[in-house]
Structures are given as structure tokens and as C-alpha cells.
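Asks: What follows is data_23.cif, mmCIF, C-alpha atoms.
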```cif
data_start
loop_
_atom_site.group_PDB
_atom_site.id
_atom_site.type_symbol
_atom_site.label_atom_id
_atom_site.label_comp_id
_atom_site.auth_asym_id
_atom_site.auth_seq_id
_atom_site.Cartn_x
_atom_site.Cartn_y
_atom_site.Cartn_z
ATOM 1 C CA MET Y 5 18.259 17.279 3.594
ATOM 2 C CA ALA Y 6 15.503 14.807 2.728
ATOM 3 C CA SER Y 7 17.342 11.710 3.988
ATOM 4 C CA HIS Y 8 15.978 12.222 7.519
ATOM 5 C CA LYS Y 9 12.512 11.373 6.151
ATOM 6 C CA ILE Y 10 13.661 7.830 5.256
ATOM 7 C CA ALA Y 11 13.879 5.294 8.100
ATOM 8 C CA LYS Y 12 15.088 1.972 6.703
ATOM 9 C CA PRO Y 13 13.902 -1.155 8.573
ATOM 10 C CA ALA Y 14 16.341 -2.885 10.905
ATOM 11 C CA GLY Y 15 18.729 -5.134 9.003
ATOM 12 C CA ALA Y 16 18.476 -3.204 5.732
ATOM 13 C CA THR Y 17 21.966 -2.598 4.401
ATOM 14 C CA ALA Y 18 21.246 -0.734 1.155
ATOM 15 C CA PRO Y 19 21.190 3.059 1.444
ATOM 16 C CA ALA Y 20 18.286 5.092 0.070
ATOM 17 C CA ASP Y 21 18.365 5.303 -3.720
ATOM 18 C CA GLU Y 22 17.750 8.375 -5.859
ATOM 19 C CA PHE Y 23 14.016 7.726 -6.326
ATOM 20 C CA GLU Y 24 13.394 7.315 -2.580
ATOM 21 C CA LEU Y 25 15.242 10.567 -1.956
ATOM 22 C CA SER Y 26 13.061 12.355 -4.521
ATOM 23 C CA VAL Y 27 9.890 11.109 -2.763
ATOM 24 C CA ALA Y 28 11.334 12.145 0.617
ATOM 25 C CA GLN Y 29 12.188 15.585 -0.808
ATOM 26 C CA ALA Y 30 8.606 15.932 -2.053
ATOM 27 C CA LEU Y 31 7.380 15.180 1.495
ATOM 28 C CA VAL Y 32 9.753 17.812 2.915
ATOM 29 C CA ASP Y 33 8.471 20.340 0.359
ATOM 30 C CA LEU Y 34 4.871 19.575 1.311
ATOM 31 C CA GLU Y 35 5.722 19.910 4.993
ATOM 32 C CA ASN Y 36 7.264 23.350 4.381
ATOM 33 C CA ASN Y 37 4.699 24.695 1.891
ATOM 34 C CA VAL Y 38 1.331 23.343 3.092
ATOM 35 C CA PRO Y 39 0.501 24.679 6.584
ATOM 36 C CA GLU Y 40 -2.339 22.178 7.205
ATOM 37 C CA LEU Y 41 0.019 19.215 6.700
ATOM 38 C CA LYS Y 42 3.003 20.647 8.581
ATOM 39 C CA LYS Y 43 2.097 19.283 12.013
ATOM 40 C CA ASP Y 44 1.227 15.809 10.717
ATOM 41 C CA LEU Y 45 4.246 15.451 8.419
ATOM 42 C CA LYS Y 46 6.829 16.719 10.925
ATOM 43 C CA ALA Y 47 7.410 13.314 12.552
ATOM 44 C CA PHE Y 48 6.343 11.269 9.533
ATOM 45 C CA GLN Y 49 8.964 8.981 7.940
ATOM 46 C CA ILE Y 50 8.882 6.449 5.111
ATOM 47 C CA THR Y 51 10.786 3.167 4.902
ATOM 48 C CA GLY Y 52 11.106 3.147 1.113
ATOM 49 C CA ALA Y 53 9.545 3.893 -2.255
ATOM 50 C CA LYS Y 54 9.287 2.022 -5.556
ATOM 51 C CA GLU Y 55 8.212 2.945 -9.039
ATOM 52 C CA ILE Y 56 6.130 0.190 -10.635
ATOM 53 C CA GLU Y 57 5.222 -0.193 -14.312
ATOM 54 C CA ILE Y 58 1.459 -0.720 -14.620
ATOM 55 C CA GLY Y 59 1.267 -1.227 -18.371
ATOM 56 C CA SER Y 60 0.648 0.955 -21.418
ATOM 57 C CA GLY Y 61 3.557 3.191 -20.435
ATOM 58 C CA LYS Y 62 2.018 4.283 -17.124
ATOM 59 C CA LYS Y 63 3.776 4.103 -13.772
ATOM 60 C CA ALA Y 64 2.707 4.062 -10.152
ATOM 61 C CA ILE Y 65 4.601 5.072 -7.027
ATOM 62 C CA VAL Y 66 4.387 2.783 -3.998
ATOM 63 C CA VAL Y 67 5.465 4.455 -0.772
ATOM 64 C CA PHE Y 68 6.194 2.156 2.167
ATOM 65 C CA VAL Y 69 5.489 3.455 5.670
ATOM 66 C CA PRO Y 70 6.368 1.904 9.063
ATOM 67 C CA VAL Y 71 3.549 -0.213 10.539
ATOM 68 C CA PRO Y 72 3.466 1.580 13.943
ATOM 69 C CA ALA Y 73 3.019 4.971 12.259
ATOM 70 C CA GLN Y 74 0.337 3.812 9.846
ATOM 71 C CA LYS Y 75 -2.695 4.625 12.029
ATOM 72 C CA ALA Y 76 -1.591 8.223 12.556
ATOM 73 C CA PHE Y 77 -0.667 8.516 8.897
ATOM 74 C CA ASN Y 78 -4.089 7.340 7.679
ATOM 75 C CA LYS Y 79 -5.611 10.602 8.957
ATOM 76 C CA VAL Y 80 -3.794 12.643 6.286
ATOM 77 C CA GLN Y 81 -3.394 9.942 3.635
ATOM 78 C CA ALA Y 82 -6.121 11.186 1.272
ATOM 79 C CA ARG Y 83 -4.787 14.744 1.245
ATOM 80 C CA LEU Y 84 -1.165 13.597 0.973
ATOM 81 C CA THR Y 85 -1.998 11.295 -1.941
ATOM 82 C CA ARG Y 86 -3.622 14.174 -3.840
ATOM 83 C CA GLU Y 87 -0.659 16.479 -3.213
ATOM 84 C CA LEU Y 88 1.923 13.869 -4.247
ATOM 85 C CA GLU Y 89 -0.031 13.000 -7.410
ATOM 86 C CA LYS Y 90 0.123 16.703 -8.318
ATOM 87 C CA LYS Y 91 3.886 16.730 -7.751
ATOM 88 C CA PHE Y 92 4.548 13.480 -9.620
ATOM 89 C CA SER Y 93 2.267 14.187 -12.555
ATOM 90 C CA ASP Y 94 0.617 11.328 -14.511
ATOM 91 C CA ARG Y 95 1.613 8.787 -11.832
ATOM 92 C CA HIS Y 96 -0.668 7.297 -9.192
ATOM 93 C CA VAL Y 97 0.593 7.235 -5.599
ATOM 94 C CA VAL Y 98 -0.218 4.337 -3.267
ATOM 95 C CA PHE Y 99 0.800 3.895 0.382
ATOM 96 C CA VAL Y 100 1.495 0.461 1.897
ATOM 97 C CA ALA Y 101 2.775 -0.464 5.363
ATOM 98 C CA GLN Y 102 6.159 -2.247 5.423
ATOM 99 C CA ARG Y 103 5.249 -5.643 6.894
ATOM 100 C CA ARG Y 104 7.385 -8.691 7.570
ATOM 101 C CA ILE Y 105 6.523 -12.309 6.761
ATOM 102 C CA LEU Y 106 8.009 -14.935 9.073
ATOM 103 C CA LYS Y 107 8.534 -18.431 7.729
ATOM 104 C CA THR Y 108 6.698 -21.404 9.150
ATOM 105 C CA PRO Y 109 8.675 -22.909 12.033
ATOM 106 C CA THR Y 110 9.980 -26.416 11.323
ATOM 107 C CA ARG Y 111 10.564 -29.318 13.680
ATOM 108 C CA ARG Y 112 14.282 -28.630 13.902
ATOM 109 C CA GLU Y 113 13.806 -25.031 14.967
ATOM 110 C CA ASN Y 114 12.765 -24.327 18.515
ATOM 111 C CA PRO Y 115 11.422 -20.782 18.539
ATOM 112 C CA LYS Y 116 11.139 -19.025 21.887
ATOM 113 C CA GLN Y 117 7.638 -17.866 21.039
ATOM 114 C CA PRO Y 118 5.037 -18.850 18.448
ATOM 115 C CA ARG Y 119 4.813 -16.960 15.172
ATOM 116 C CA PRO Y 120 2.211 -14.183 15.452
ATOM 117 C CA ARG Y 121 -0.778 -14.478 13.143
ATOM 118 C CA SER Y 122 -0.017 -10.998 11.751
ATOM 119 C CA ARG Y 123 3.322 -12.264 10.383
ATOM 120 C CA THR Y 124 1.854 -15.074 8.282
ATOM 121 C CA LEU Y 125 1.855 -14.842 4.487
ATOM 122 C CA THR Y 126 -1.941 -14.773 4.258
ATOM 123 C CA ALA Y 127 -2.317 -12.046 6.894
ATOM 124 C CA VAL Y 128 0.349 -9.861 5.289
ATOM 125 C CA HIS Y 129 -1.197 -10.212 1.817
ATOM 126 C CA ASN Y 130 -4.656 -9.339 3.185
ATOM 127 C CA SER Y 131 -3.204 -6.308 4.966
ATOM 128 C CA ILE Y 132 -1.495 -5.136 1.771
ATOM 129 C CA LEU Y 133 -4.858 -5.399 0.001
ATOM 130 C CA GLU Y 134 -6.512 -3.231 2.652
ATOM 131 C CA ASP Y 135 -3.645 -0.711 2.586
ATOM 132 C CA LEU Y 136 -3.897 -0.307 -1.193
ATOM 133 C CA VAL Y 137 -7.558 0.706 -1.188
ATOM 134 C CA TYR Y 138 -7.411 2.518 2.171
ATOM 135 C CA PRO Y 139 -9.857 5.390 1.932
ATOM 136 C CA THR Y 140 -12.534 2.894 0.890
ATOM 137 C CA GLU Y 141 -13.429 -0.437 2.460
ATOM 138 C CA ILE Y 142 -13.477 -3.950 1.073
ATOM 139 C CA VAL Y 143 -17.057 -5.249 1.272
ATOM 140 C CA GLY Y 144 -16.492 -8.686 -0.258
ATOM 141 C CA LYS Y 145 -13.937 -11.087 -1.673
ATOM 142 C CA ARG Y 146 -14.227 -14.089 -3.959
ATOM 143 C CA THR Y 147 -11.506 -16.431 -5.153
ATOM 144 C CA ARG Y 148 -12.112 -17.794 -8.626
ATOM 145 C CA VAL Y 149 -10.216 -20.891 -9.690
ATOM 146 C CA ALA Y 150 -10.119 -21.462 -13.455
ATOM 147 C CA VAL Y 151 -10.089 -24.892 -15.089
ATOM 148 C CA ASP Y 152 -6.336 -24.687 -15.620
ATOM 149 C CA GLY Y 153 -5.797 -24.056 -11.899
ATOM 150 C CA THR Y 154 -5.049 -20.324 -11.968
ATOM 151 C CA LYS Y 155 -6.566 -18.321 -9.143
ATOM 152 C CA THR Y 156 -8.017 -14.840 -9.441
ATOM 153 C CA ILE Y 157 -9.212 -12.872 -6.444
ATOM 154 C CA LYS Y 158 -12.246 -10.648 -7.019
ATOM 155 C CA VAL Y 159 -12.386 -7.786 -4.526
ATOM 156 C CA PHE Y 160 -15.567 -5.765 -4.132
ATOM 157 C CA LEU Y 161 -15.122 -2.198 -2.898
ATOM 158 C CA ASP Y 162 -17.596 0.119 -1.203
ATOM 159 C CA THR Y 163 -19.796 1.774 -3.862
ATOM 160 C CA LYS Y 164 -19.850 5.166 -2.127
ATOM 161 C CA ASP Y 165 -16.233 5.720 -3.275
ATOM 162 C CA ALA Y 166 -16.825 4.559 -6.866
ATOM 163 C CA THR Y 167 -16.450 8.001 -8.439
ATOM 164 C CA SER Y 168 -13.216 8.876 -6.630
ATOM 165 C CA LEU Y 169 -11.453 5.520 -7.140
ATOM 166 C CA GLU Y 170 -12.673 4.294 -10.538
ATOM 167 C CA TYR Y 171 -9.578 5.529 -12.363
ATOM 168 C CA LYS Y 172 -7.186 3.774 -9.933
ATOM 169 C CA LEU Y 173 -8.503 0.195 -10.105
ATOM 170 C CA ASP Y 174 -5.937 -0.928 -12.704
ATOM 171 C CA THR Y 175 -3.168 0.594 -10.602
ATOM 172 C CA PHE Y 176 -4.334 -1.336 -7.534
ATOM 173 C CA SER Y 177 -4.320 -4.611 -9.508
ATOM 174 C CA ALA Y 178 -0.855 -4.029 -10.986
ATOM 175 C CA VAL Y 179 0.704 -2.998 -7.666
ATOM 176 C CA TYR Y 180 -0.816 -5.965 -5.807
ATOM 177 C CA LYS Y 181 0.404 -8.357 -8.531
ATOM 178 C CA LYS Y 182 3.908 -6.895 -8.308
ATOM 179 C CA LEU Y 183 4.064 -7.037 -4.499
ATOM 180 C CA THR Y 184 2.463 -10.452 -3.926
ATOM 181 C CA GLY Y 185 2.391 -12.278 -7.263
ATOM 182 C CA LYS Y 186 -1.373 -12.827 -7.034
ATOM 183 C CA ASP Y 187 -3.911 -11.823 -9.682
ATOM 184 C CA VAL Y 188 -6.651 -9.599 -8.354
ATOM 185 C CA VAL Y 189 -9.622 -7.786 -9.945
ATOM 186 C CA PHE Y 190 -11.204 -4.812 -8.201
ATOM 187 C CA GLU Y 191 -14.902 -4.079 -8.774
ATOM 188 C CA PHE Y 192 -17.757 -2.084 -7.379
ATOM 189 C CA PRO Y 193 -20.715 -4.435 -6.826
ATOM 190 C CA ALA Y 194 -23.859 -3.722 -8.833
ATOM 191 C CA ASN Y 195 -26.133 -5.161 -6.141
ATOM 192 C CA VAL Y 196 -25.050 -4.136 -2.648
ATOM 193 C CA ASP Y 197 -27.636 -6.417 -0.965
ATOM 194 C CA LEU Y 198 -25.519 -9.477 -1.757
ATOM 195 C CA PHE Y 199 -23.009 -8.571 0.940
#
```
Hey, can you dump this file as C-alpha cells for me?
Replies:
Amino acid sequence: MASHKIAKPAGATAPADEFELSVAQALVDLENNVPELKKDLKAFQITGAKEIEIGSGKKAIVVFVPVPAQKAFNKVQARLTRELEKKFSDRHVVFVAQRRILKTPTRRENPKQPRPRSRTLTAVHNSILEDLVYPTEIVGKRTRVAVDGTKTIKVFLDTKDATSLEYKLDTFSAVYKKLTGKDVVFEFPANVDLF
């Protein structure tokens, strides 16, 4: 029943696992029970879902959506996130577009067309960062390099959303670390004039 809500990317051989089916079933239930979301969720599909450990026994759900459908999906994302967090109690829900990274072409390869900028590692990681914090905007970024060479990215979010997102900042950091391997710290700037 819920498997029609999962559209695996081309080339994916693994079928949907039990957790992805449970997230898809939750979307079907929302589509049937919430009249305001019915029209928007009718054509909506996900490409996958993961459960990520964020420390101290807490878990987060990362739902991957197709990139072409992301713009239309962003209109109902805030409401859908609230509804899914009610369904999956004590777990935060985050939506990220399923993007592809293409490797750097070498001299031996002769690609028919150049690699698009949106498929580079840096562009994909920046897009994941923006997807994670979607309802709010990123107003500034700093990369801090420690003496031992470790890098930490400081991301400053829009202060108008501080009350609604304060409790999710640790989740954002843990999910970004799991997806990209980079350390990131999310903050709300004390002095907005700096940006």
C-alpha cells in the first residue's frame, strides 16, 4: 500500500526497507486523514529514509526527497514536519533532497559534457546544509581551523526563527556530520549587524 510513495533513484538495486515503508505509510495516513495536506501529498514521493542516532539515546529521521519535487514540497514542509514528529514521537524529522556527487573528470576520461557545478562535492554539501535548516535562512558561515588542523564550520541562522528551532540545533549538527563527515555548529548571532 505505502510502497507507491517510495521512488528509488535510478540505479538503486536495494528494495525499500521496513523503516522506509513505515515513513511512507505515515505519509499515506496523513494524506488520508488531513484534508489540507491531501492535495499536496497526493503526488508526493520520497526516495528513502534513514534513522540516525544523535547521541544521548535520541534519534532523528532523515527523509530524502527527489530534487525536482523539492520546490513544491517546501510549501508544506513545515506542516508535514510537525505532523510527522507527532506520529514518530520523541524523534526529530528532517527533509533533505537526494543529490548526486559526480567525481572530478581525469585526463583519461573524455566526458561528453563538463560536470555541472551543482554536482560538485562542495555544492552538494552546501545544499544539504540549506535543506536541513529550510524554514529558516543561513545568514553567515565561518570555517574555524584549529591548531591540530581540524575544521569546524560555524553556521549562523536567522534570529527570527530562534524560538522555533532552538531545540533542533543538535539534531542538525548530528545529521550533517553523519551525511557529510564535517563538523558543524549552528548558532543564532547575538549581533545581527555583523552580517
Asks: When the PyMOL selection byres ((chain Y and resi 53) around 12) is applied to the file above, which residues end up in the set, as a compact mmCIF listing (two decimals) with C-alpha atoms, keeping the file's coordinate frame?
Replies:
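Writing done, so here's result-v4.txt:
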```txt
# COMPACT_ATOMS: atom_id res chain seq x y z
CA LYS Y 9 12.51 11.37 6.15
CA ILE Y 10 13.66 7.83 5.26
CA ALA Y 11 13.88 5.29 8.10
CA LYS Y 12 15.09 1.97 6.70
CA ALA Y 20 18.29 5.09 0.07
CA ASP Y 21 18.36 5.30 -3.72
CA GLU Y 22 17.75 8.38 -5.86
CA PHE Y 23 14.02 7.73 -6.33
CA GLU Y 24 13.39 7.32 -2.58
CA LEU Y 25 15.24 10.57 -1.96
CA SER Y 26 13.06 12.36 -4.52
CA VAL Y 27 9.89 11.11 -2.76
CA ALA Y 28 11.33 12.14 0.62
CA GLN Y 49 8.96 8.98 7.94
CA ILE Y 50 8.88 6.45 5.11
CA THR Y 51 10.79 3.17 4.90
CA GLY Y 52 11.11 3.15 1.11
CA LYS Y 54 9.29 2.02 -5.56
CA GLU Y 55 8.21 2.94 -9.04
CA ILE Y 56 6.13 0.19 -10.64
CA ALA Y 64 2.71 4.06 -10.15
CA ILE Y 65 4.60 5.07 -7.03
CA VAL Y 66 4.39 2.78 -4.00
CA VAL Y 67 5.46 4.46 -0.77
CA PHE Y 68 6.19 2.16 2.17
CA VAL Y 69 5.49 3.46 5.67
CA PRO Y 70 6.37 1.90 9.06
CA VAL Y 97 0.59 7.24 -5.60
CA VAL Y 98 -0.22 4.34 -3.27
CA PHE Y 99 0.80 3.90 0.38
CA VAL Y 100 1.50 0.46 1.90
CA ALA Y 101 2.78 -0.46 5.36
CA GLN Y 102 6.16 -2.25 5.42
```
Asks: Using all atoms listed in the file, which of Y:Lys172, Y:Lys46, Y:Lys90, Y:Lys186 sits nearest Lys158 (chain Y)?
Replies: Y:Lys186
Asks: For Ser7 (chain Y), which of Y:Thr147, Y:Glu57, Y:Val32, Y:Ala194 is the closest residue, counting all atoms listed in the file?
Replies: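 Of Y:Thr147, Y:Glu57, Y:Val32, Y:Ala194, the one nearest Ser7 (chain Y), counting all atoms listed in the file, is Y:Val32.
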Asks: In Å, with one decimal, what is the gap from CA of Phe160 (chain Y) to CA of Ile142 (chain Y)?
Replies: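 For CA of Phe160 (chain Y) relative to CA of Ile142 (chain Y), the distance reads 5.9 Å.
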Asks: Out of Y:Pro19, Y:Pro193, Y:Lys116, Y:Ser60, which residue has the shortest atom-to-atom distance to Arg146 (chain Y) when counting all atoms listed in the file?
Replies: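 Among the listed residues, Y:Pro193 lies closest to Arg146 (chain Y).
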Asks: Pick the closest to Lys79 (chain Y) from Y:Thr124, Y:Ile58, Y:His96, Y:Pro139: which is it, counting only C-alpha atoms?
Replies: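 The closest residue to Lys79 (chain Y) is Y:Pro139.
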Asks: How many Å lie between CA of Ala73 (chain Y) and CA of Asn37 (chain Y), rounded to one decimal?
Replies: 22.3 Å
